[in-house]
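J.: Input structure: data.cif, which contains mmCIF, C-alpha atoms.
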```cif
data_my_file
#
loop_
_atom_site.group_PDB
_atom_site.id
_atom_site.type_symbol
_atom_site.label_atom_id
_atom_site.label_comp_id
_atom_site.auth_asym_id
_atom_site.auth_seq_id
_atom_site.Cartn_x
_atom_site.Cartn_y
_atom_site.Cartn_z
ATOM 1 C CA MET A 1096 22.816 72.655 -17.407
ATOM 2 C CA SER A 1097 24.756 70.886 -20.126
ATOM 3 C CA ALA A 1098 23.457 67.932 -22.112
ATOM 4 C CA LYS A 1099 26.333 65.890 -20.735
ATOM 5 C CA ALA A 1100 25.161 66.525 -17.175
ATOM 6 C CA GLU A 1101 21.668 65.390 -18.108
ATOM 7 C CA GLY A 1102 22.787 62.120 -19.639
ATOM 8 C CA VAL A 1103 23.177 60.896 -23.187
ATOM 9 C CA ALA A 1104 21.332 63.062 -25.718
ATOM 10 C CA ARG A 1105 21.516 62.300 -29.415
ATOM 11 C CA ALA A 1106 21.897 65.153 -31.871
ATOM 12 C CA GLY A 1107 18.589 66.917 -32.404
ATOM 13 C CA TYR A 1108 17.113 65.934 -29.020
ATOM 14 C CA VAL A 1109 19.183 67.943 -26.533
ATOM 15 C CA ASN A 1110 16.410 70.529 -26.092
ATOM 16 C CA GLY A 1111 13.520 68.055 -26.184
ATOM 17 C CA PHE A 1112 11.249 66.507 -28.786
ATOM 18 C CA ASN A 1113 7.836 66.832 -30.410
ATOM 19 C CA ASP A 1114 6.432 63.485 -31.550
ATOM 20 C CA GLN A 1115 3.036 63.774 -33.254
ATOM 21 C CA PHE A 1116 3.256 60.132 -34.430
ATOM 22 C CA THR A 1117 2.483 60.977 -38.039
ATOM 23 C CA ALA A 1118 5.172 58.655 -39.388
ATOM 24 C CA ASN A 1119 6.463 55.960 -37.016
ATOM 25 C CA THR A 1120 7.588 55.072 -33.499
ATOM 26 C CA GLY A 1121 11.315 55.112 -34.242
ATOM 27 C CA ASN A 1122 12.211 57.283 -31.255
ATOM 28 C CA TRP A 1123 10.416 54.991 -28.811
ATOM 29 C CA VAL A 1124 11.409 51.573 -27.449
ATOM 30 C CA PRO A 1125 8.926 49.059 -25.956
ATOM 31 C CA LEU A 1126 9.916 48.157 -22.396
ATOM 32 C CA TYR A 1127 7.554 45.418 -21.256
ATOM 33 C CA GLY A 1128 4.233 43.874 -22.199
ATOM 34 C CA SER A 1129 3.305 43.595 -25.851
ATOM 35 C CA SER A 1130 4.680 45.591 -28.735
ATOM 36 C CA TRP A 1131 3.466 49.030 -29.761
ATOM 37 C CA SER A 1132 2.360 49.864 -33.262
ATOM 38 C CA TYR A 1133 1.844 52.939 -35.402
ATOM 39 C CA SER A 1134 -1.571 53.742 -36.864
ATOM 40 C CA ARG A 1135 -1.391 55.943 -39.957
ATOM 41 C CA ARG A 1136 -5.166 56.422 -39.939
ATOM 42 C CA GLY A 1137 -5.229 57.995 -36.498
ATOM 43 C CA SER A 1138 -1.647 59.281 -36.325
ATOM 44 C CA VAL A 1139 -1.236 57.535 -32.971
ATOM 45 C CA ILE A 1140 0.856 54.802 -31.451
ATOM 46 C CA ILE A 1141 -1.139 51.991 -29.901
ATOM 47 C CA GLY A 1142 -0.146 49.754 -27.032
ATOM 48 C CA LYS A 1143 -2.018 46.476 -26.711
ATOM 49 C CA GLY A 1144 -2.817 45.426 -23.158
ATOM 50 C CA GLN A 1145 -1.780 42.094 -21.676
ATOM 51 C CA THR A 1146 -3.581 40.153 -18.953
ATOM 52 C CA LYS A 1147 -2.525 41.393 -15.497
ATOM 53 C CA GLN A 1148 0.552 43.139 -16.872
ATOM 54 C CA TRP A 1149 1.971 46.569 -17.556
ATOM 55 C CA THR A 1150 2.711 47.638 -21.122
ATOM 56 C CA GLY A 1151 5.294 50.405 -21.485
ATOM 57 C CA ILE A 1152 7.254 52.456 -23.983
ATOM 58 C CA LEU A 1153 10.223 54.790 -23.480
ATOM 59 C CA PHE A 1154 11.662 57.729 -25.430
ATOM 60 C CA SER A 1155 15.104 56.332 -26.213
ATOM 61 C CA LYS A 1156 17.040 59.240 -27.698
ATOM 62 C CA ALA A 1157 17.872 61.218 -24.545
ATOM 63 C CA GLN A 1158 17.620 61.609 -20.793
ATOM 64 C CA TYR A 1159 16.400 64.862 -19.279
ATOM 65 C CA ALA A 1160 16.691 66.669 -15.948
ATOM 66 C CA ASN A 1161 14.540 69.836 -16.093
ATOM 67 C CA PHE A 1162 11.632 69.820 -18.490
ATOM 68 C CA GLU A 1163 7.952 70.079 -19.317
ATOM 69 C CA TYR A 1164 6.625 66.721 -20.565
ATOM 70 C CA GLU A 1165 3.135 66.464 -22.068
ATOM 71 C CA VAL A 1166 1.269 63.468 -23.510
ATOM 72 C CA LYS A 1167 -2.230 63.116 -24.945
ATOM 73 C CA MET A 1168 -3.684 59.627 -24.581
ATOM 74 C CA LYS A 1169 -6.925 57.685 -24.693
ATOM 75 C CA ARG A 1170 -7.543 54.418 -22.886
ATOM 76 C CA ILE A 1171 -9.776 51.762 -24.402
ATOM 77 C CA GLY A 1172 -11.110 49.178 -21.967
ATOM 78 C CA CYS A 1173 -10.597 48.873 -18.208
ATOM 79 C CA ASP A 1174 -12.084 51.821 -16.300
ATOM 80 C CA THR A 1175 -10.074 51.298 -13.097
ATOM 81 C CA CYS A 1176 -6.669 50.465 -14.624
ATOM 82 C CA THR A 1177 -3.899 53.063 -14.436
ATOM 83 C CA ASN A 1178 -2.587 54.853 -17.520
ATOM 84 C CA GLN A 1179 0.500 56.883 -16.730
ATOM 85 C CA LEU A 1180 3.521 58.932 -17.643
ATOM 86 C CA PHE A 1181 6.860 58.197 -16.091
ATOM 87 C CA ILE A 1182 9.716 60.660 -15.752
ATOM 88 C CA ARG A 1183 13.353 60.799 -14.642
ATOM 89 C CA SER A 1184 13.608 57.027 -15.014
ATOM 90 C CA SER A 1185 17.092 55.844 -14.016
ATOM 91 C CA LYS A 1186 18.892 53.418 -11.724
ATOM 92 C CA VAL A 1187 18.270 55.874 -8.878
ATOM 93 C CA GLY A 1188 14.478 55.935 -9.202
ATOM 94 C CA ILE A 1189 11.416 56.893 -11.219
ATOM 95 C CA ILE A 1190 8.318 59.095 -10.854
ATOM 96 C CA TYR A 1191 4.879 58.010 -12.099
ATOM 97 C CA TYR A 1192 1.806 60.140 -12.837
ATOM 98 C CA GLY A 1193 -1.358 58.284 -13.795
ATOM 99 C CA TYR A 1194 -5.108 58.414 -14.173
ATOM 100 C CA THR A 1195 -8.007 56.015 -14.659
ATOM 101 C CA ASN A 1196 -11.009 56.157 -16.976
ATOM 102 C CA SER A 1197 -13.202 56.166 -13.866
ATOM 103 C CA GLY A 1198 -11.897 59.672 -13.065
ATOM 104 C CA PHE A 1199 -9.051 59.300 -10.547
ATOM 105 C CA PHE A 1200 -5.391 60.340 -10.660
ATOM 106 C CA THR A 1201 -2.337 59.318 -8.642
ATOM 107 C CA ILE A 1202 1.348 60.221 -8.308
ATOM 108 C CA TYR A 1203 4.119 58.112 -6.800
ATOM 109 C CA SER A 1204 7.846 57.428 -7.012
ATOM 110 C CA CYS A 1205 9.873 54.248 -6.716
ATOM 111 C CA ASN A 1206 13.470 53.270 -6.146
ATOM 112 C CA SER A 1207 15.034 49.803 -6.132
ATOM 113 C CA VAL A 1208 13.653 49.088 -2.658
ATOM 114 C CA SER A 1209 10.204 50.644 -2.311
ATOM 115 C CA CYS A 1210 7.633 53.114 -3.611
ATOM 116 C CA THR A 1211 6.444 56.382 -2.044
ATOM 117 C CA THR A 1212 2.942 57.732 -2.645
ATOM 118 C CA TRP A 1213 2.831 61.452 -3.367
ATOM 119 C CA GLN A 1214 -0.905 61.538 -4.083
ATOM 120 C CA SER A 1215 -3.127 58.515 -3.466
ATOM 121 C CA PHE A 1216 -5.913 57.959 -5.991
ATOM 122 C CA LYS A 1217 -8.023 61.125 -5.961
ATOM 123 C CA ALA A 1218 -11.209 61.853 -7.902
ATOM 124 C CA SER A 1219 -11.069 64.704 -10.415
ATOM 125 C CA ASP A 1220 -13.849 66.008 -12.648
ATOM 126 C CA ILE A 1221 -11.142 67.371 -14.977
ATOM 127 C CA ILE A 1222 -10.548 63.856 -16.303
ATOM 128 C CA VAL A 1223 -12.562 63.039 -19.434
ATOM 129 C CA LYS A 1224 -13.908 59.585 -18.639
ATOM 130 C CA PHE A 1225 -13.272 57.142 -21.515
ATOM 131 C CA GLY A 1226 -12.045 60.039 -23.665
ATOM 132 C CA SER A 1227 -8.743 61.684 -24.513
ATOM 133 C CA ASN A 1228 -6.778 63.259 -21.681
ATOM 134 C CA THR A 1229 -3.599 65.311 -21.746
ATOM 135 C CA LEU A 1230 -1.237 64.841 -18.822
ATOM 136 C CA LYS A 1231 1.665 67.205 -18.264
ATOM 137 C CA VAL A 1232 4.514 67.319 -15.757
ATOM 138 C CA LEU A 1233 6.722 70.321 -15.132
ATOM 139 C CA ALA A 1234 9.883 69.177 -13.347
ATOM 140 C CA VAL A 1235 12.527 71.771 -12.475
ATOM 141 C CA ASN A 1236 15.154 70.726 -9.929
ATOM 142 C CA ASN A 1237 13.120 69.600 -6.877
ATOM 143 C CA ASP A 1238 9.886 71.362 -7.887
ATOM 144 C CA TYR A 1239 7.061 69.527 -9.637
ATOM 145 C CA LYS A 1240 3.687 70.547 -11.086
ATOM 146 C CA PHE A 1241 1.221 68.025 -12.486
ATOM 147 C CA TYR A 1242 -1.528 68.977 -14.938
ATOM 148 C CA ILE A 1243 -4.574 67.268 -16.417
ATOM 149 C CA ASN A 1244 -6.092 68.937 -19.470
ATOM 150 C CA LYS A 1245 -4.179 72.189 -18.783
ATOM 151 C CA ARG A 1246 -5.207 72.489 -15.126
ATOM 152 C CA VAL A 1247 -2.845 72.007 -12.186
ATOM 153 C CA VAL A 1248 -3.985 69.139 -9.957
ATOM 154 C CA TYR A 1249 -0.908 68.740 -7.732
ATOM 155 C CA SER A 1250 2.361 70.499 -6.962
ATOM 156 C CA ARG A 1251 5.212 69.660 -4.643
ATOM 157 C CA THR A 1252 8.753 70.545 -3.694
ATOM 158 C CA VAL A 1253 10.523 67.337 -2.713
ATOM 159 C CA THR A 1254 13.090 66.959 0.053
ATOM 160 C CA GLY A 1255 15.228 64.187 1.468
ATOM 161 C CA PRO A 1256 15.853 61.004 -0.558
ATOM 162 C CA LEU A 1257 13.433 62.108 -3.305
ATOM 163 C CA THR A 1258 15.912 64.787 -4.359
ATOM 164 C CA LEU A 1259 18.160 62.001 -5.668
ATOM 165 C CA ILE A 1260 15.765 61.488 -8.616
ATOM 166 C CA LYS A 1261 17.271 64.195 -10.804
ATOM 167 C CA THR A 1262 17.460 62.973 -14.381
ATOM 168 C CA GLY A 1263 16.436 60.094 -16.608
ATOM 169 C CA TYR A 1264 14.211 58.851 -19.395
ATOM 170 C CA VAL A 1265 10.540 59.630 -19.970
ATOM 171 C CA GLY A 1266 7.811 57.320 -21.212
ATOM 172 C CA VAL A 1267 4.277 56.002 -20.998
ATOM 173 C CA ASP A 1268 2.816 52.806 -19.602
ATOM 174 C CA PHE A 1269 -0.525 51.298 -18.607
ATOM 175 C CA TYR A 1270 -1.934 48.330 -16.725
ATOM 176 C CA SER A 1271 -4.501 45.848 -17.997
ATOM 177 C CA THR A 1272 -6.581 43.247 -16.208
ATOM 178 C CA SER A 1273 -7.279 41.504 -19.521
ATOM 179 C CA ALA A 1274 -5.708 41.362 -22.976
ATOM 180 C CA VAL A 1275 -9.166 41.486 -24.566
ATOM 181 C CA GLY A 1276 -10.402 44.971 -25.481
ATOM 182 C CA ASN A 1277 -7.607 46.827 -23.687
ATOM 183 C CA SER A 1278 -5.313 49.302 -25.414
ATOM 184 C CA LEU A 1279 -3.835 52.778 -25.082
ATOM 185 C CA ASP A 1280 -3.717 55.283 -27.941
ATOM 186 C CA VAL A 1281 -1.009 57.949 -27.623
ATOM 187 C CA ASP A 1282 -1.762 60.953 -29.816
ATOM 188 C CA PHE A 1283 1.343 63.018 -29.135
ATOM 189 C CA ALA A 1284 4.283 63.355 -26.750
ATOM 190 C CA ILE A 1285 6.150 66.624 -26.330
ATOM 191 C CA LEU A 1286 9.091 67.492 -24.108
ATOM 192 C CA VAL A 1287 10.619 70.948 -23.750
ATOM 193 C CA LYS A 1288 13.854 71.333 -21.813
ATOM 194 C CA LYS A 1289 13.719 73.958 -19.045
#
```
Is it possible to express this structure as structure tokens?
T.:
Amino acid sequence: MSAKAEGVARAGYVNGFNDQFTANTGNWVPLYGSSWSYSRRGSVIIGKGQTKQWTGILFSKAQYANFEYEVKMKRIGCDTCTNQLFIRSSKVGIIYYGYTNSGFFTIYSCNSVSCTTWQSFKASDIIVKFGSNTLKVLAVNNDYKFYINKRVVYSRTVTGPLTLIKTGYVGVDFYSTSAVGNSLDVDFAILVKK
């Protein structure tokens, strides 16, 4: 599939990206909530939580259709708040894949009208509670696989209206019940075009 068919892709990002956050957050754009900052000491980007709000950031250089997208993150604070990846974000819809520090994960998609649950919150002992976790999504056409710390936790071939979610941006966001003591550290984000 051509880069044109997948959406706008700036030179150098057609086949994906590998952001280790050792320099800055220049490829990423804050969407909502507070701003994100770069920490040279930890080589991470840090999102500061806001009271009863989502805080999100998006990779701005390209949109992708078929890919493997992997992010390592660590949540500080709220044990029941969702920390998640989003993929194929466009005017058509978006797919979310999240986990909580209390050890649950969930997957759902939304369009402009409503949201559809793929996997309601499910307990998993693969999740490192209050530690770093690596979430990965493999999305190829209508087939999806979702990983936590290198293990598959959910797979699905979508049909019907869900097949309309074909391409879009990727990013990270998280919810906070309080602005005090709530943040998300993102250690790396890697996308490989498939």
J.: Would you write out, as CSV, a table of all residues in range 1173-1210 of chain A that have an atom no more than 10 Å from an atom of range 1145-1156 of chain A, listing for each the closest atom pair and the distance in Å to one decimal, considering all atoms listed in the file and ordering rows by chain and rising residue number?
T.:
```
residue,atom,partner,partner_atom,distance
A:Cys1176,CA,A:Trp1149,CA,9.9
A:Thr1177,CA,A:Trp1149,CA,9.3
A:Asn1178,CA,A:Trp1149,CA,9.5
A:Gln1179,CA,A:Gly1151,CA,9.4
A:Leu1180,CA,A:Gly1151,CA,9.5
A:Phe1181,CA,A:Leu1153,CA,8.8
A:Ile1182,CA,A:Leu1153,CA,9.7
A:Ser1184,CA,A:Leu1153,CA,9.4
```
J.: List the spatial neighbours of Arg1170 in chain A as a list in words - criterion: any atom at most 9 Å away, only C-alpha atoms, same-chain residues fewer than 5 positions off excluded.
T.: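 The residues satisfying every condition are Asn1178, Thr1195, Asn1196, Phe1225, Gly1226, Ser1227, Asn1228, Phe1269, Asn1277, Ser1278, Leu1279, Asp1280 and Val1281 of chain A.
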J.: Quick one: everything within 8 Å of range 1185-1188 of chain A, counting only C-alpha atoms, minus sequence neighbours fewer than 6 positions away in the same chain. Send it as an MDAnalysis selection string.
T.: chainID A and resid 1204:1207 1259:1260 1262:1264
J.: Assuming the chain letters and numbering stay as they are in my file, what does the PyMOL selection byres ((chain A and resi 1231) around 10) actually select? List them as a PDB file with C-alpha atoms, keeping the file's coordinate frame.
T.:
```pdb
ATOM      1  CA  GLU A1163       7.952  70.079 -19.317  1.00  0.00           C
ATOM      2  CA  TYR A1164       6.625  66.721 -20.565  1.00  0.00           C
ATOM      3  CA  GLU A1165       3.135  66.464 -22.068  1.00  0.00           C
ATOM      4  CA  VAL A1166       1.269  63.468 -23.510  1.00  0.00           C
ATOM      5  CA  LYS A1167      -2.230  63.116 -24.945  1.00  0.00           C
ATOM      6  CA  LEU A1180       3.521  58.932 -17.643  1.00  0.00           C
ATOM      7  CA  TYR A1192       1.806  60.140 -12.837  1.00  0.00           C
ATOM      8  CA  ASN A1228      -6.778  63.259 -21.681  1.00  0.00           C
ATOM      9  CA  THR A1229      -3.599  65.311 -21.746  1.00  0.00           C
ATOM     10  CA  LEU A1230      -1.237  64.841 -18.822  1.00  0.00           C
ATOM     11  CA  VAL A1232       4.514  67.319 -15.757  1.00  0.00           C
ATOM     12  CA  LEU A1233       6.722  70.321 -15.132  1.00  0.00           C
ATOM     13  CA  ALA A1234       9.883  69.177 -13.347  1.00  0.00           C
ATOM     14  CA  LYS A1240       3.687  70.547 -11.086  1.00  0.00           C
ATOM     15  CA  PHE A1241       1.221  68.025 -12.486  1.00  0.00           C
ATOM     16  CA  TYR A1242      -1.528  68.977 -14.938  1.00  0.00           C
ATOM     17  CA  ILE A1243      -4.574  67.268 -16.417  1.00  0.00           C
ATOM     18  CA  ASN A1244      -6.092  68.937 -19.470  1.00  0.00           C
ATOM     19  CA  LYS A1245      -4.179  72.189 -18.783  1.00  0.00           C
ATOM     20  CA  ARG A1246      -5.207  72.489 -15.126  1.00  0.00           C
ATOM     21  CA  VAL A1247      -2.845  72.007 -12.186  1.00  0.00           C
ATOM     22  CA  ALA A1284       4.283  63.355 -26.750  1.00  0.00           C
ATOM     23  CA  ILE A1285       6.150  66.624 -26.330  1.00  0.00           C
ATOM     24  CA  LEU A1286       9.091  67.492 -24.108  1.00  0.00           C
TER      25      LEU A1286
END
```
J.: Can you list, as a list in words, every protein, DNA or RNA residue that comes within 10 Å of Thr1252 in chain A when you count only C-alpha atoms, leaving out same-chain residues fewer than 4 positions away?
T.: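 That gives Ala1234, Val1235, Asn1236, Asn1237, Asp1238, Tyr1239, Lys1240, Leu1257 and Thr1258 of chain A.
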J.: Written as a ChimeraX atom specification, what is the full residue list that the PyMOL selection byres ((chain A and resi 1274) around 8) yields on the file shown?
T.: /A:1143-1146,1271-1273,1275-1277
J.: Please, what distance in Å, to one decimal, runs between CA of Pro1256 in chain A and CA of Ser1215 in chain A?
T.: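 One can read the CA of Pro1256 in chain A to CA of Ser1215 in chain A distance as 19.4 Å.
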J.: Going by the chain IDs and residue numbers used in this file, which residues fall under the PyMOL selection byres ((chain A and resi 1212-1214) around 8)? Write them as a PyMOL selection string.
T.: chain A and resi 1201-1204+1210-1211+1215-1217
J.: For CA of Gly1107 in chain A and CA of Tyr1191 in chain A, determine how far apart the two atoms are, in Å to one decimal place.
T.: 26.1 Å
J.: Figure out the distance between CA of Asn1110 in chain A and CA of Ile1189 in chain A, please, to one decimal in Å.
T.: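 Distance between the two atoms: 20.8 Å.
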J.: Would you kindly return, as a list of chain:residue names, each protein, DNA or RNA residue with an atom no farther than 10 Å from any atom of Ala1118 in chain A, considering all atoms listed in the file and excluding same-chain residues fewer than 6 positions away?
T.: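 These residues fall inside the cut-off: A:Tyr1133, A:Ser1134, A:Arg1135, A:Ser1138, A:Val1139, A:Ile1140.
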J.: Would you export the selected residues with C-alpha atoms as a compact mmCIF listing (two decimals), keeping the file's coordinate frame, please?
T.:
```txt
# COMPACT_ATOMS: atom_id res chain seq x y z
CA TYR A 1133 1.84 52.94 -35.40
CA SER A 1134 -1.57 53.74 -36.86
CA ARG A 1135 -1.39 55.94 -39.96
CA SER A 1138 -1.65 59.28 -36.33
CA VAL A 1139 -1.24 57.54 -32.97
CA ILE A 1140 0.86 54.80 -31.45
```
J.: If I wrap all listed atoms of range 1196-1209 of chain A in a box with edges along x, y and z and add 8 Å on each side, what are its centre and edge lengths in Å to one decimal, as AutoDock Vina command-line options?
T.:
```
--center_x 0.9 --center_y 54.7 --center_z -9.6 --size_x 44.2 --size_y 27.3 --size_z 30.7
```
J.: Which residue gives the smallest distance to Phe1116 in chain A among A:Lys1289, A:Gly1142, A:Phe1283, A:Ala1157, with all atoms listed in the file counted?
T.: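 The closest residue to Phe1116 in chain A is A:Phe1283.
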J.: Write range 1157-1169 of chain A as an mmCIF file, in the coordinates of the input, completed to N, CA and C atoms.
T.:
```cif
data_model
loop_
_atom_site.group_PDB
_atom_site.id
_atom_site.type_symbol
_atom_site.label_atom_id
_atom_site.label_comp_id
_atom_site.auth_asym_id
_atom_site.auth_seq_id
_atom_site.Cartn_x
_atom_site.Cartn_y
_atom_site.Cartn_z
ATOM 1 N N ALA A 1157 17.207 60.335 -25.501
ATOM 2 C CA ALA A 1157 17.872 61.218 -24.545
ATOM 3 C C ALA A 1157 17.303 61.047 -23.149
ATOM 4 N N GLN A 1158 18.092 61.477 -22.168
ATOM 5 C CA GLN A 1158 17.620 61.609 -20.793
ATOM 6 C C GLN A 1158 17.545 63.102 -20.475
ATOM 7 N N TYR A 1159 16.627 63.454 -19.580
ATOM 8 C CA TYR A 1159 16.400 64.862 -19.279
ATOM 9 C C TYR A 1159 16.306 65.096 -17.782
ATOM 10 N N ALA A 1160 16.746 66.299 -17.362
ATOM 11 C CA ALA A 1160 16.691 66.669 -15.948
ATOM 12 C C ALA A 1160 15.544 67.642 -15.676
ATOM 13 N N ASN A 1161 15.566 68.809 -16.298
ATOM 14 C CA ASN A 1161 14.540 69.836 -16.093
ATOM 15 C C ASN A 1161 13.738 70.009 -17.369
ATOM 16 N N PHE A 1162 12.428 69.869 -17.271
ATOM 17 C CA PHE A 1162 11.632 69.820 -18.490
ATOM 18 C C PHE A 1162 10.130 69.977 -18.205
ATOM 19 N N GLU A 1163 9.408 70.176 -19.298
ATOM 20 C CA GLU A 1163 7.952 70.079 -19.317
ATOM 21 C C GLU A 1163 7.620 68.937 -20.280
ATOM 22 N N TYR A 1164 6.920 67.928 -19.784
ATOM 23 C CA TYR A 1164 6.625 66.721 -20.565
ATOM 24 C C TYR A 1164 5.117 66.562 -20.629
ATOM 25 N N GLU A 1165 4.581 66.464 -21.855
ATOM 26 C CA GLU A 1165 3.135 66.464 -22.068
ATOM 27 C C GLU A 1165 2.748 65.345 -23.033
ATOM 28 N N VAL A 1166 1.722 64.585 -22.681
ATOM 29 C CA VAL A 1166 1.269 63.468 -23.510
ATOM 30 C C VAL A 1166 -0.254 63.448 -23.561
ATOM 31 N N LYS A 1167 -0.783 63.287 -24.771
ATOM 32 C CA LYS A 1167 -2.230 63.116 -24.945
ATOM 33 C C LYS A 1167 -2.497 61.648 -25.209
ATOM 34 N N MET A 1168 -3.424 61.058 -24.452
ATOM 35 C CA MET A 1168 -3.684 59.627 -24.581
ATOM 36 C C MET A 1168 -5.165 59.324 -24.394
ATOM 37 N N LYS A 1169 -5.541 58.145 -24.850
ATOM 38 C CA LYS A 1169 -6.925 57.685 -24.693
ATOM 39 C C LYS A 1169 -6.896 56.197 -24.389
#
```
